[in-house]
Structures are given as structure tokens and as C-alpha cells.
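Okay, model_26.txt is below, compact mmCIF, C-alpha atoms and all ligand atoms:
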# COMPACT_ATOMS: atom_id res chain seq x y z
CA MET A 1 137.34 143.36 142.14
CA THR A 2 141.05 142.57 141.90
CA THR A 3 141.95 140.93 138.61
CA PRO A 4 144.54 138.14 138.48
CA GLN A 5 148.01 139.12 137.39
CA PHE A 6 149.77 136.83 134.90
CA ILE A 7 153.51 136.31 134.61
CA GLN A 8 154.76 134.20 131.75
CA LEU A 9 158.32 132.99 132.35
CA TYR A 10 158.08 129.84 130.27
CA GLN A 11 159.15 130.89 126.80
CA HIS A 12 158.55 128.09 124.38
CA ASN A 13 161.97 127.52 122.84
CA ALA A 14 161.17 125.25 119.89
CA ALA A 15 164.81 124.29 119.25
CA ALA A 16 165.50 123.39 122.89
CA VAL A 17 162.24 121.42 123.19
CA ALA A 18 163.00 119.47 119.99
CA GLN A 19 166.54 118.76 121.17
CA GLU A 20 165.33 117.45 124.56
CA LEU A 21 162.64 115.28 123.00
CA LEU A 22 164.83 113.85 120.24
CA GLN A 23 167.61 113.04 122.70
CA GLY A 24 165.13 111.01 124.77
CA LEU A 25 163.58 109.34 121.71
CA SER A 26 167.03 108.32 120.46
CA ALA A 27 168.21 106.80 123.79
CA PRO A 28 168.56 102.98 123.94
CA GLN A 29 165.46 102.93 126.21
CA ALA A 30 163.51 105.75 124.59
CA PHE A 31 161.90 108.14 127.08
CA THR A 32 160.10 111.49 127.26
CA SER A 33 159.48 113.89 130.15
CA PRO A 34 155.93 113.59 131.62
CA LYS A 35 155.48 117.35 131.17
CA TYR A 36 154.82 116.71 127.44
CA LEU A 37 151.67 114.76 128.36
CA TYR A 38 150.01 118.10 129.16
CA ASP A 39 149.03 119.89 125.98
CA ALA A 40 145.48 121.32 125.92
CA LEU A 41 143.88 117.92 125.19
CA GLY A 42 146.23 116.13 127.62
CA SER A 43 145.18 118.47 130.46
CA ARG A 44 141.52 117.74 129.73
CA LEU A 45 142.14 113.99 129.54
CA PHE A 46 143.93 114.14 132.89
CA GLU A 47 140.85 115.80 134.40
CA ALA A 48 138.78 112.87 133.08
CA ILE A 49 141.25 110.36 134.58
CA THR A 50 140.61 111.80 138.04
CA GLU A 51 136.96 110.76 137.70
CA LEU A 52 137.66 107.12 136.79
CA PRO A 53 136.72 104.34 139.23
CA GLU A 54 140.22 102.83 138.98
CA TYR A 55 141.97 106.13 139.83
CA ASP A 56 140.91 106.80 143.40
CA LEU A 57 143.98 108.90 144.21
CA THR A 58 142.28 112.27 143.62
CA ARG A 59 139.13 111.28 145.52
CA THR A 60 141.06 109.88 148.48
CA GLU A 61 143.18 113.00 148.66
CA ALA A 62 140.13 115.28 148.50
CA GLN A 63 138.45 113.25 151.24
CA LEU A 64 141.54 113.53 153.46
CA MET A 65 141.66 117.29 152.93
CA ARG A 66 137.95 117.58 153.78
CA LEU A 67 138.07 115.32 156.84
CA HIS A 68 141.12 116.97 158.33
CA SER A 69 140.62 120.58 157.31
CA ALA A 70 140.05 121.69 160.92
CA ASP A 71 143.28 120.03 162.04
CA MET A 72 145.10 121.48 159.02
CA ALA A 73 143.82 124.93 159.98
CA ARG A 74 145.45 124.45 163.42
CA HIS A 75 148.83 123.61 161.90
CA LEU A 76 149.03 125.83 158.80
CA PRO A 77 149.65 129.59 159.01
CA THR A 78 146.77 132.01 158.35
CA GLY A 79 147.13 134.90 155.91
CA ALA A 80 149.74 132.87 154.01
CA CYS A 81 150.71 133.17 150.38
CA TRP A 82 149.62 129.85 148.79
CA ILE A 83 151.83 128.74 145.91
CA ASP A 84 150.07 125.98 143.96
CA LEU A 85 152.52 123.87 141.91
CA GLY A 86 151.02 122.41 138.73
CA ALA A 87 147.75 124.20 139.57
CA GLY A 88 145.84 122.84 136.53
CA ASN A 89 142.17 123.73 137.04
CA CYS A 90 142.96 125.31 140.47
CA GLU A 91 140.15 123.26 142.02
CA LYS A 92 142.09 121.63 144.84
CA ALA A 93 143.60 124.85 146.17
CA GLY A 94 140.32 126.65 145.49
CA ARG A 95 138.61 124.46 148.09
CA LEU A 96 141.23 125.22 150.77
CA LEU A 97 141.93 128.94 150.35
CA GLY A 98 138.81 129.98 152.30
CA PRO A 99 138.86 127.45 155.18
CA LEU A 100 142.63 127.88 155.65
CA ARG A 101 142.36 131.68 155.35
CA ALA A 102 144.92 132.31 152.64
CA GLY A 103 146.21 135.87 152.11
CA ARG A 104 147.34 135.45 148.50
CA TYR A 105 147.17 132.75 145.80
CA VAL A 106 149.83 132.02 143.18
CA ALA A 107 148.92 129.36 140.59
CA VAL A 108 152.04 127.95 138.91
CA ASP A 109 151.80 125.84 135.76
CA ILE A 110 153.75 125.18 132.60
CA SER A 111 150.46 125.56 130.77
CA VAL A 112 149.47 129.03 132.00
CA ASN A 113 146.73 129.34 129.39
CA PHE A 114 144.91 126.38 130.93
CA VAL A 115 145.23 128.07 134.35
CA ARG A 116 144.09 131.47 133.06
CA GLN A 117 140.42 130.54 132.75
CA ALA A 118 140.37 128.71 136.10
CA LEU A 119 142.02 131.64 137.86
CA ASP A 120 139.60 134.16 136.34
CA SER A 121 136.65 132.16 137.63
CA LEU A 122 138.24 131.64 141.07
CA GLN A 123 138.82 135.39 141.25
CA ARG A 124 135.09 135.97 140.71
CA GLN A 125 134.37 133.76 143.76
CA ARG A 126 137.07 135.47 145.87
CA PRO A 127 137.18 139.06 144.56
CA ASP A 128 139.32 140.34 147.44
CA LEU A 129 142.07 137.70 147.36
CA PRO A 130 145.16 138.76 145.36
CA MET A 131 145.82 136.10 142.68
CA THR A 132 148.70 135.55 140.29
CA GLY A 133 149.21 133.02 137.48
CA LEU A 134 152.85 132.09 136.92
CA GLY A 135 153.79 130.23 133.73
CA THR A 136 157.00 128.36 134.38
CA ASP A 137 158.55 124.93 133.96
CA PHE A 138 159.65 123.75 137.40
CA SER A 139 160.95 120.32 136.33
CA GLY A 140 164.52 121.50 137.04
CA GLY A 141 163.56 122.97 140.44
CA LEU A 142 161.28 125.83 141.54
CA ASP A 143 162.62 129.34 141.13
CA LEU A 144 160.30 132.15 142.19
CA PRO A 145 160.94 135.30 140.11
CA ASP A 146 161.29 138.80 141.59
CA ALA A 147 158.31 139.81 139.43
CA LEU A 148 156.07 137.97 141.92
CA ALA A 149 157.02 140.63 144.51
CA LEU A 150 156.59 138.15 147.35
CA ASN A 151 156.52 139.66 150.81
CA ALA A 152 159.38 138.08 152.81
CA ALA A 153 157.44 138.53 156.06
CA GLN A 154 154.33 136.72 154.80
CA PRO A 155 154.37 132.96 155.50
CA ARG A 156 154.21 130.72 152.43
CA VAL A 157 152.33 127.48 151.90
CA LEU A 158 153.74 125.57 148.97
CA PHE A 159 150.98 123.25 147.77
CA TYR A 160 151.90 120.20 145.68
CA PRO A 161 148.93 117.80 145.59
CA GLY A 162 148.00 114.82 143.45
CA SER A 163 151.20 112.85 144.13
CA SER A 164 152.86 114.66 141.23
CA ILE A 165 156.08 114.22 143.25
CA GLY A 166 155.84 110.58 142.12
CA ASN A 167 156.87 111.66 138.61
CA PHE A 168 160.36 112.24 139.98
CA THR A 169 162.76 109.38 140.81
CA PRO A 170 163.82 109.47 144.50
CA ASP A 171 167.09 111.29 143.63
CA GLN A 172 165.28 113.87 141.51
CA ALA A 173 162.57 114.21 144.18
CA LEU A 174 165.21 115.09 146.77
CA GLY A 175 166.64 117.87 144.57
CA PHE A 176 163.15 119.16 143.78
CA LEU A 177 162.09 119.17 147.45
CA GLN A 178 165.30 121.04 148.34
CA SER A 179 164.29 123.72 145.82
CA LEU A 180 160.83 123.86 147.46
CA HIS A 181 162.45 124.22 150.88
CA ARG A 182 164.41 127.24 149.57
CA ALA A 183 161.25 128.66 147.94
CA CYS A 184 159.46 128.53 151.32
CA GLY A 185 161.54 131.55 152.33
CA THR A 186 162.27 132.52 155.91
CA ALA A 187 158.96 133.69 157.41
CA THR A 188 157.93 131.70 160.49
CA GLY A 189 155.25 129.09 159.91
CA SER A 190 156.02 128.49 156.20
CA GLY A 191 155.98 124.98 154.81
CA LEU A 192 154.98 122.46 152.18
CA LEU A 193 151.56 120.76 151.95
CA ILE A 194 152.06 117.74 149.72
CA GLY A 195 149.92 114.77 148.66
CA VAL A 196 151.69 111.43 148.20
CA ASP A 197 150.27 108.15 146.89
CA LEU A 198 151.30 105.19 149.04
CA LEU A 199 152.57 101.78 148.03
CA LYS A 200 149.76 99.26 147.59
CA ASP A 201 148.82 96.07 145.74
CA ALA A 202 150.56 95.87 142.32
CA ALA A 203 147.46 94.84 140.33
CA GLU A 204 145.50 97.74 141.78
CA LEU A 205 148.30 100.17 140.98
CA GLU A 206 148.58 98.94 137.40
CA ALA A 207 144.81 99.24 136.90
CA ALA A 208 144.90 102.84 138.17
CA TYR A 209 147.12 103.67 135.17
CA ASP A 210 145.33 101.43 132.64
CA ASP A 211 141.59 101.90 133.08
CA ALA A 212 138.93 99.83 131.34
CA LEU A 213 137.55 102.82 129.39
CA GLY A 214 140.96 103.54 127.89
CA VAL A 215 141.13 107.17 129.05
CA THR A 216 144.67 106.76 130.42
CA ALA A 217 145.66 105.06 127.15
CA ALA A 218 144.29 108.08 125.25
CA PHE A 219 146.17 110.43 127.61
CA ASP A 220 149.43 108.53 126.98
CA LEU A 221 148.91 108.11 123.20
CA ASN A 222 148.02 111.79 122.81
CA LEU A 223 151.68 112.44 123.66
CA LEU A 224 152.59 111.14 120.19
CA LEU A 225 150.41 113.78 118.53
CA HIS A 226 151.94 116.43 120.77
CA ILE A 227 155.46 115.25 119.85
CA ASN A 228 154.53 115.35 116.14
CA ARG A 229 153.59 119.02 116.55
CA LEU A 230 156.71 119.82 118.57
CA VAL A 231 159.36 118.10 116.45
CA GLY A 232 157.65 117.47 113.11
CA SER A 233 157.78 113.67 113.50
CA ASN A 234 155.34 111.21 111.91
CA PHE A 235 154.21 109.02 114.83
CA ALA A 236 150.92 107.26 114.00
CA VAL A 237 148.82 106.54 117.10
CA ARG A 238 147.57 103.23 115.67
CA ASP A 239 151.12 101.80 115.64
CA TRP A 240 151.37 102.04 119.45
CA ARG A 241 149.70 100.61 122.54
CA HIS A 242 149.68 101.96 126.09
CA LEU A 243 151.20 99.85 128.89
CA SER A 244 151.15 100.27 132.66
CA ARG A 245 153.74 98.21 134.55
CA PHE A 246 154.50 98.04 138.24
CA ASN A 247 158.27 98.01 138.80
CA ALA A 248 158.57 96.52 142.32
CA GLU A 249 162.32 97.12 142.59
CA GLN A 250 161.89 100.86 142.00
CA SER A 251 158.49 101.03 143.77
CA ARG A 252 156.86 102.74 140.82
CA VAL A 253 154.24 102.37 138.13
CA GLU A 254 155.73 103.02 134.71
CA MET A 255 153.73 104.12 131.69
CA HIS A 256 155.13 103.04 128.35
CA LEU A 257 154.02 103.25 124.73
CA GLN A 258 154.85 99.98 122.99
CA ALA A 259 155.33 99.53 119.24
CA ARG A 260 152.66 97.07 117.97
CA HIS A 261 155.01 96.04 115.12
CA ALA A 262 158.28 97.36 113.68
CA VAL A 263 157.82 101.12 113.22
CA ARG A 264 160.05 103.63 111.45
CA VAL A 265 159.54 107.11 112.88
CA GLN A 266 160.97 110.05 110.99
CA TRP A 267 161.57 113.66 111.91
CA PRO A 268 163.45 116.50 110.16
CA GLY A 269 167.09 115.40 110.11
CA GLY A 270 166.64 111.96 111.67
CA GLU A 271 164.68 108.79 112.25
CA ARG A 272 164.47 105.75 114.50
CA LEU A 273 163.40 102.22 113.82
CA PHE A 274 161.49 100.80 116.78
CA ALA A 275 161.41 96.99 116.82
CA ALA A 276 158.06 95.28 117.53
CA GLY A 277 157.53 95.37 121.32
CA GLU A 278 160.08 98.16 121.94
CA THR A 279 158.80 100.92 124.20
CA ILE A 280 158.99 104.64 124.92
CA HIS A 281 158.96 105.23 128.68
CA THR A 282 156.56 108.15 129.17
CA GLU A 283 155.94 108.49 132.92
CA ASN A 284 156.95 107.20 136.35
CA ALA A 285 154.58 107.28 139.29
CA CYS A 286 156.74 106.44 142.31
CA LYS A 287 154.91 105.11 145.34
CA TRP A 288 156.15 105.86 148.83
CA THR A 289 155.66 104.60 152.39
CA VAL A 290 155.01 107.16 155.14
CA PRO A 291 158.39 106.63 156.90
CA ASN A 292 160.33 106.76 153.62
CA PHE A 293 158.67 110.00 152.53
CA GLU A 294 159.14 111.55 155.98
CA ALA A 295 162.85 110.71 155.77
CA LEU A 296 163.01 112.30 152.28
CA LEU A 297 161.41 115.52 153.58
CA ARG A 298 163.96 115.68 156.39
CA SER A 299 166.85 115.11 153.97
CA ALA A 300 165.50 118.00 151.90
CA GLY A 301 165.78 120.29 154.94
CA PHE A 302 162.24 120.31 156.33
CA ALA A 303 162.18 120.37 160.14
CA GLN A 304 158.88 118.90 161.24
CA THR A 305 156.23 116.88 159.52
CA ARG A 306 152.59 116.22 160.27
CA VAL A 307 150.85 113.50 158.25
CA TRP A 308 147.20 112.67 157.58
CA THR A 309 146.32 109.29 156.05
CA ASP A 310 143.13 107.31 155.40
CA PRO A 311 142.43 104.18 157.49
CA ALA A 312 143.58 101.88 154.65
CA GLN A 313 146.83 103.91 154.26
CA ARG A 314 146.24 104.43 150.54
CA PHE A 315 147.30 108.04 150.42
CA ALA A 316 149.04 110.56 152.66
CA VAL A 317 149.02 114.34 152.99
CA PHE A 318 152.14 115.76 154.65
CA TRP A 319 152.59 119.20 156.15
CA ALA A 320 156.32 119.86 156.43
CA THR A 321 157.61 123.06 157.99
CA VAL A 322 160.90 124.84 157.23
C1 LIG B 401 148.87 115.81 137.20
S1 LIG B 401 148.35 117.46 136.91
C2 LIG B 401 147.95 117.97 138.56
C3 LIG B 401 146.89 119.01 138.58
C4 LIG B 401 146.35 119.33 139.96
N1 LIG B 401 147.34 120.04 140.77
C5 LIG B 401 145.93 118.06 140.65
O1 LIG B 401 146.57 117.66 141.63
O2 LIG B 401 144.94 117.46 140.21
C6 LIG B 401 149.81 118.19 136.61
C7 LIG B 401 149.73 119.69 136.33
O3 LIG B 401 151.05 120.15 136.43
C8 LIG B 401 151.42 120.86 135.27
N2 LIG B 401 152.82 120.53 135.02
C9 LIG B 401 153.33 119.33 134.62
N3 LIG B 401 154.67 119.41 134.51
C10 LIG B 401 155.01 120.68 134.87
C11 LIG B 401 156.25 121.36 134.95
N4 LIG B 401 157.39 120.75 134.65
N5 LIG B 401 156.26 122.66 135.35
C12 LIG B 401 155.08 123.29 135.64
N6 LIG B 401 153.86 122.68 135.58
C13 LIG B 401 153.84 121.40 135.20
C14 LIG B 401 150.51 120.37 134.16
O4 LIG B 401 150.32 121.36 133.16
C15 LIG B 401 149.24 120.03 134.93
O5 LIG B 401 148.35 121.13 135.01

Translate this file's structure into C-alpha cells.
Ligand SMILES: C[S@@+](CC[C@H](N)C(=O)[O-])C[C@H]1O[C@@H](n2cnc3c(N)ncnc32)[C@H](O)[C@@H]1O
Amino acid sequence: MTTPQFIQLYQHNAAAVAQELLQGLSAPQAFTSPKYLYDALGSRLFEAITELPEYDLTRTEAQLMRLHSADMARHLPTGACWIDLGAGNCEKAGRLLGPLRAGRYVAVDISVNFVRQALDSLQRQRPDLPMTGLGTDFSGGLDLPDALALNAAQPRVLFYPGSSIGNFTPDQALGFLQSLHRACGTATGSGLLIGVDLLKDAAELEAAYDDALGVTAAFDLNLLLHINRLVGSNFAVRDWRHLSRFNAEQSRVEMHLQARHAVRVQWPGGERLFAAGETIHTENACKWTVPNFEALLRSAGFAQTRVWTDPAQRFAVFWATV
């Protein structure tokens, strides 16, 4: 049996992380990058979110992939190197690698330790498929290192499911998609398979990010504990509440943590007083229409797109070729 290879590019630079976080926390509208939501507990809480009745995004996407797998197999290259961006538990790609006859699997995640276990178990199911785990932070664009030893002649399928693209503003999304277009390489047939949540009723969207059980609230609030570990701050979870707001002008759901009362937060060398009701903006989930996202893919350099949607147009899976 082949064993997965692991490449760790993401070197935790404590000073740089603290600087980035404290800059965001000190801004007039405090903010943090959504990547800090994913510590070990955050990754597990996200898995639980995907099972909630209010969050049908993951189920709808899985159903689309299942229903249209034969058509996908007609459009996607066989023997391709699949590069799974934000692979998490590797489940989504794991279901497609066989039917779409992948030739290699590369699981990319900032949290490579979370991926390690998933990749080991996937390797047991597919002992002959070469697998690599790549630990990297792609928030500034995807850069594939030489250490991956990618074969330039092998087509690539970049896989970015779960509407994670929604975490980027449209301008950032364009830059990120351009980096994915470059990462597709030059082999014929290469492209990007991407899942995108579509614009729908505001109340439904807000509920998807503020479920009745409070799992999304726990996911968001856990960020404060993660920040405390990263910068030595003294956030107390009980001082904050989770909010989900639909911003119609920007076509996005915003997650915020709101101070329940005036809160003084301290960290080594600094502090901030948050007034009652002030918020920290912790995540955007931009929602797209099919024509708008198609136009974005074209602006990023992709030549042709194929799209699969459900009858209610809740979610879309795009296949965009280089
Ligand atoms: C929302 S989950 C998606 C997981 C899975 N692909 C899915 O669709 O259900 C996001 C995953 O991306 C990873 N991630 C988040 N930000 C990242 C970044 N900047 N660079 C690399 N991985 C990142 C997280 O660790 C997490 O496993």
C-alpha cells in the first residue's frame, strides 16, 4: 500500500499571527480572518454544522454531485490530479475520486493535522491512489510548491466545494480564482470544480448561520478562545453573543460577535474597550447568482463553464476549464 506523503508549508509564525489578529481587533470595525475559526474544536464544530437542519448547503451540494456524477464524468478529465482546497475531513472528494477516476489526490488545508487522519483512512480504502497532504494557508492565493512534484502533462482538477469561495469579497474572490486558474497548469482538460451557494430568502440565509441548537454560535464564539491562545488576550465567551446578519447591498451573510455590555479586552502590550453592542466581524458568506458567478469565472481567465443546479436554484456546482 502507498502511504500518504505530507508536506507542511504552513509554519506557524506566532508574531505574524498575533500582529494580523491585533490589527483586525484594533480596527474601527473590528474583524478577524475566517481561517481562525478552524482550530481543532472549530473544525469539529463545522462538521456538526453541516448536519443541522438549517444548513442545507452541504446536503444540497452532495445531492447535486450524486445526481450529476455521470454527466460530470463526461466533462471532467480521467486520470487527473485532484487538488482539494480546504479538504477538512476529505469526505467530499473521497466520494468522487473513484467515480471520476482520479489519478492522484492532494488534500490542501491550513490544518494539516486534521487532514492527516482523514487521509490515512482514505488511503486504506484506495491503497493504489497516490495521496499527498499539503499544509498551507491559501488565503493570499494558491501557490503549489515544487515539492509536490506535479506532472505538467497530467490534467488537474482543482476542487473547492462547500461555497468556501463565499468567504472572499467579490474583489478578493477574483484574485483568488486567478491564482486557481494559474494553479490549473497547462495540461489539456484541466479545470476548477467549485460549489457556490446561491442567493435566496434573507430569513432563510440568516437562519442557516444562526441555528436553533446554537452550534454555529459555539463555532463563532470558540474563535475567542482560539484568539486567547494565539495572542494571550482575555476574551470571556460569556461577554459576547453570536449574530448572523444578511447584508443585502453586499449580497452576503455576515457573522459577528457582539459585546453584551461594555467589555475591556487586554492582551500583552495593548487593550481595547468594546462598547455595549459593538461587534467583531468574523466571517462573510457571499451569495452569488449563476450569471454573476459565471462572469467572475470568465474574468479570472476560465474559458468555458458547465453548471449543475437543483430545481429550486439553491446551490450551484460549476466546472470551469482553463
Ligand atoms: C468550511 S471548511 C470546508 C471543508 C470541506 N471542504 C467542505 O466543503 O465541507 C473549510 C476548511 O478549509 C480550511 N481552511 C480555512 N481557511 C484556510 C486557508 N486560508 N488555507 C487553507 N485551508 C483553509 C479549514 O481548515 C477547513 O478544513

Give me, as a Markdown table, each residue of chain A that comes within 8 Å of ligand LIG 401 (chain B), together with its shortest interatomic pair and the distance in Å at one decimal, counting only C-alpha atoms and all ligand atoms, with rows ordered by chain and rising residue number.
| residue | atom | partner | partner_atom | distance |
| --- | --- | --- | --- | --- |
| A:Pro34 | CA | B:LIG401 | N3 | 6.6 |
| A:Lys35 | CA | B:LIG401 | N3 | 4.0 |
| A:Tyr36 | CA | B:LIG401 | N3 | 7.6 |
| A:Leu37 | CA | B:LIG401 | C9 | 7.9 |
| A:Tyr38 | CA | B:LIG401 | O4 | 5.2 |
| A:Asp39 | CA | B:LIG401 | O4 | 7.4 |
| A:Ser43 | CA | B:LIG401 | O5 | 6.2 |
| A:Phe46 | CA | B:LIG401 | C1 | 6.8 |
| A:Glu47 | CA | B:LIG401 | O2 | 7.3 |
| A:Thr50 | CA | B:LIG401 | O2 | 7.4 |
| A:Thr58 | CA | B:LIG401 | O2 | 6.8 |
| A:Asp84 | CA | B:LIG401 | N1 | 7.3 |
| A:Leu85 | CA | B:LIG401 | N1 | 6.5 |
| A:Gly86 | CA | B:LIG401 | O3 | 3.2 |
| A:Ala87 | CA | B:LIG401 | N1 | 4.3 |
| A:Gly88 | CA | B:LIG401 | O5 | 3.4 |
| A:Asn89 | CA | B:LIG401 | C4 | 6.7 |
| A:Cys90 | CA | B:LIG401 | N1 | 6.9 |
| A:Glu91 | CA | B:LIG401 | C4 | 7.6 |
| A:Lys92 | CA | B:LIG401 | C5 | 6.7 |
| A:Val108 | CA | B:LIG401 | C12 | 6.5 |
| A:Asp109 | CA | B:LIG401 | N6 | 3.8 |
| A:Ile110 | CA | B:LIG401 | C12 | 3.8 |
| A:Ser111 | CA | B:LIG401 | O4 | 4.8 |
| A:Val112 | CA | B:LIG401 | O4 | 7.8 |
| A:Phe114 | CA | B:LIG401 | O5 | 7.5 |
| A:Val115 | CA | B:LIG401 | O5 | 7.6 |
| A:Gly135 | CA | B:LIG401 | C12 | 7.3 |
| A:Thr136 | CA | B:LIG401 | C12 | 5.6 |
| A:Asp137 | CA | B:LIG401 | N5 | 3.5 |
| A:Phe138 | CA | B:LIG401 | N5 | 4.1 |
| A:Ser139 | CA | B:LIG401 | N4 | 4.0 |
| A:Gly140 | CA | B:LIG401 | N4 | 7.6 |
| A:Tyr160 | CA | B:LIG401 | N1 | 6.7 |
| A:Pro161 | CA | B:LIG401 | O1 | 4.6 |
| A:Gly162 | CA | B:LIG401 | O1 | 3.7 |
| A:Ser163 | CA | B:LIG401 | O1 | 7.1 |
| A:Ser164 | CA | B:LIG401 | C1 | 5.8 |

Selection export as a PDB file, in the coordinates of the input, atoms kept: C-alpha atoms:
ATOM      1  CA  PRO A  34     155.930 113.590 131.620  1.00  0.00           C
ATOM      2  CA  LYS A  35     155.480 117.350 131.170  1.00  0.00           C
ATOM      3  CA  TYR A  36     154.820 116.710 127.440  1.00  0.00           C
ATOM      4  CA  LEU A  37     151.670 114.760 128.360  1.00  0.00           C
ATOM      5  CA  TYR A  38     150.010 118.100 129.160  1.00  0.00           C
ATOM      6  CA  ASP A  39     149.030 119.890 125.980  1.00  0.00           C
ATOM      7  CA  SER A  43     145.180 118.470 130.460  1.00  0.00           C
ATOM      8  CA  PHE A  46     143.930 114.140 132.890  1.00  0.00           C
ATOM      9  CA  GLU A  47     140.850 115.800 134.400  1.00  0.00           C
ATOM     10  CA  THR A  50     140.610 111.800 138.040  1.00  0.00           C
ATOM     11  CA  THR A  58     142.280 112.270 143.620  1.00  0.00           C
ATOM     12  CA  ASP A  84     150.070 125.980 143.960  1.00  0.00           C
ATOM     13  CA  LEU A  85     152.520 123.870 141.910  1.00  0.00           C
ATOM     14  CA  GLY A  86     151.020 122.410 138.730  1.00  0.00           C
ATOM     15  CA  ALA A  87     147.750 124.200 139.570  1.00  0.00           C
ATOM     16  CA  GLY A  88     145.840 122.840 136.530  1.00  0.00           C
ATOM     17  CA  ASN A  89     142.170 123.730 137.040  1.00  0.00           C
ATOM     18  CA  CYS A  90     142.960 125.310 140.470  1.00  0.00           C
ATOM     19  CA  GLU A  91     140.150 123.260 142.020  1.00  0.00           C
ATOM     20  CA  LYS A  92     142.090 121.630 144.840  1.00  0.00           C
ATOM     21  CA  VAL A 108     152.040 127.950 138.910  1.00  0.00           C
ATOM     22  CA  ASP A 109     151.800 125.840 135.760  1.00  0.00           C
ATOM     23  CA  ILE A 110     153.750 125.180 132.600  1.00  0.00           C
ATOM     24  CA  SER A 111     150.460 125.560 130.770  1.00  0.00           C
ATOM     25  CA  VAL A 112     149.470 129.030 132.000  1.00  0.00           C
ATOM     26  CA  PHE A 114     144.910 126.380 130.930  1.00  0.00           C
ATOM     27  CA  VAL A 115     145.230 128.070 134.350  1.00  0.00           C
ATOM     28  CA  GLY A 135     153.790 130.230 133.730  1.00  0.00           C
ATOM     29  CA  THR A 136     157.000 128.360 134.380  1.00  0.00           C
ATOM     30  CA  ASP A 137     158.550 124.930 133.960  1.00  0.00           C
ATOM     31  CA  PHE A 138     159.650 123.750 137.400  1.00  0.00           C
ATOM     32  CA  SER A 139     160.950 120.320 136.330  1.00  0.00           C
ATOM     33  CA  GLY A 140     164.520 121.500 137.040  1.00  0.00           C
ATOM     34  CA  TYR A 160     151.900 120.200 145.680  1.00  0.00           C
ATOM     35  CA  PRO A 161     148.930 117.800 145.590  1.00  0.00           C
ATOM     36  CA  GLY A 162     148.000 114.820 143.450  1.00  0.00           C
ATOM     37  CA  SER A 163     151.200 112.850 144.130  1.00  0.00           C
ATOM     38  CA  SER A 164     152.860 114.660 141.230  1.00  0.00           C
TER      39      SER A 164
END

Using all atoms listed in the file, which residue out of A:Leu22, A:Ile49, A:Ala62, A:Leu148 lies closest to Leu96 (chain A)?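 The answer is A:Ala62, which sits nearest to Leu96 (chain A).
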
Just give me the gap between CA of Gly133 (chain A) and CA of Arg59 (chain A) in Å, one decimal is fine.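 Calculated distance between CA of Gly133 (chain A) and CA of Arg59 (chain A) is 25.3 Å.
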
Residues within 9 Å of Phe274 (chain A), please, as a list in words. Count all atoms listed in the file; anything in the same chain fewer than 5 positions from it doesn't count. Ala259, His261, Ala262, Val263, Arg264, Val265 and Thr279 of chain A

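For the atom pair formed by CA of Thr3 (chain A) and CA of Asn151 (chain A), the distance is 19.0 Å, given to one decimal.
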
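In this model, the gap between CA of Met131 (chain A) and CA of Tyr105 (chain A) comes to 4.8 Å.
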
Do a neighbour search on Ala316 (chain A) at 9 Å with all atoms listed in the file, toss out local chain neighbours closer than 4 positions, and write the hits as a CSV table (one decimal) with C-alpha atoms, keeping the file's coordinate frame.
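So part.csv came out as:
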chain,number,residue,atom,x,y,z
A,61,GLU,CA,143.2,113.0,148.7
A,64,LEU,CA,141.5,113.5,153.5
A,194,ILE,CA,152.1,117.7,149.7
A,195,GLY,CA,149.9,114.8,148.7
A,196,VAL,CA,151.7,111.4,148.2
A,197,ASP,CA,150.3,108.2,146.9
A,198,LEU,CA,151.3,105.2,149.0
A,289,THR,CA,155.7,104.6,152.4
A,290,VAL,CA,155.0,107.2,155.1
A,307,VAL,CA,150.8,113.5,158.2
A,308,TRP,CA,147.2,112.7,157.6
A,309,THR,CA,146.3,109.3,156.0
A,310,ASP,CA,143.1,107.3,155.4

One residue among A:Val322, A:Leu9, A:Leu100, A:Ala295 is nearest to Asp146 (chain A) when using only C-alpha atoms, and that residue is A:Leu9

Which residue is closest to Ile83 (chain A)? Choose from A:Glu294, A:Glu54, A:Asp143, A:Glu278 and count all atoms listed in the file. A:Asp143

Restricting the calculation to all atoms listed in the file: of A:Leu129, A:Cys184, A:Met72, A:Leu199, which residue gets closest to Gly94 (chain A)?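 Answer, going by the shortest atom-to-atom distance: A:Leu129.
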
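For the residues A:Gln178, A:Ser251, A:Thr282, A:Ser121, ranking by smallest atom-to-atom distance to Arg298 (chain A) using only C-alpha atoms places A:Gln178 first.
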
Which residue, A:Ala18, A:Gln125, A:Pro77, A:Gln250, has the smallest gap to Gly269 (chain A) when you use all atoms listed in the file? A:Ala18

Where's the centre, and what are the edge lengths in Å to one decimal, of a box along x, y and z enclosing all listed atoms of region 301-307 of chain A padded 6 Å per side, as lines of an AutoDock Vina configuration file?
center_x = 158.3
center_y = 116.9
center_z = 158.1
size_x = 26.9
size_y = 18.9
size_z = 18.3

Identify, on the basis of only C-alpha atoms, every residue whose closest approach to region 230-245 of chain A does not exceed 7 Å; exclude the query and any residue fewer than 4 positions from it along the same chain; express the result as a PyMOL selection string. chain A and resi 18+206+209-210+217+220-221+224+226+253-261+265-268

Near Pro170 (chain A), counting all atoms listed in the file, which residues have an atom at most 12 Å away, once you skip same-chain residues fewer than 3 positions from it, shown as an MDAnalysis selection string? chainID A and resid 165:167 173:177 250:252 284:288 292:293 295:297 299:300

Those residues you just picked out, can you put them in a file as a compact mmCIF listing (two decimals), keeping the file's coordinate frame with C-alpha atoms?
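Full text of result-v3.txt as output:
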# COMPACT_ATOMS: atom_id res chain seq x y z
CA ILE A 165 156.08 114.22 143.25
CA GLY A 166 155.84 110.58 142.12
CA ASN A 167 156.87 111.66 138.61
CA ALA A 173 162.57 114.21 144.18
CA LEU A 174 165.21 115.09 146.77
CA GLY A 175 166.64 117.87 144.57
CA PHE A 176 163.15 119.16 143.78
CA LEU A 177 162.09 119.17 147.45
CA GLN A 250 161.89 100.86 142.00
CA SER A 251 158.49 101.03 143.77
CA ARG A 252 156.86 102.74 140.82
CA ASN A 284 156.95 107.20 136.35
CA ALA A 285 154.58 107.28 139.29
CA CYS A 286 156.74 106.44 142.31
CA LYS A 287 154.91 105.11 145.34
CA TRP A 288 156.15 105.86 148.83
CA ASN A 292 160.33 106.76 153.62
CA PHE A 293 158.67 110.00 152.53
CA ALA A 295 162.85 110.71 155.77
CA LEU A 296 163.01 112.30 152.28
CA LEU A 297 161.41 115.52 153.58
CA SER A 299 166.85 115.11 153.97
CA ALA A 300 165.50 118.00 151.90

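Non-sequential neighbours of Thr305 (chain A) (distance at most 7 Å, separation of 4 or more positions within a chain, all atoms listed in the file) are A:Phe318, A:Trp319, A:Ala320, A:Thr321.
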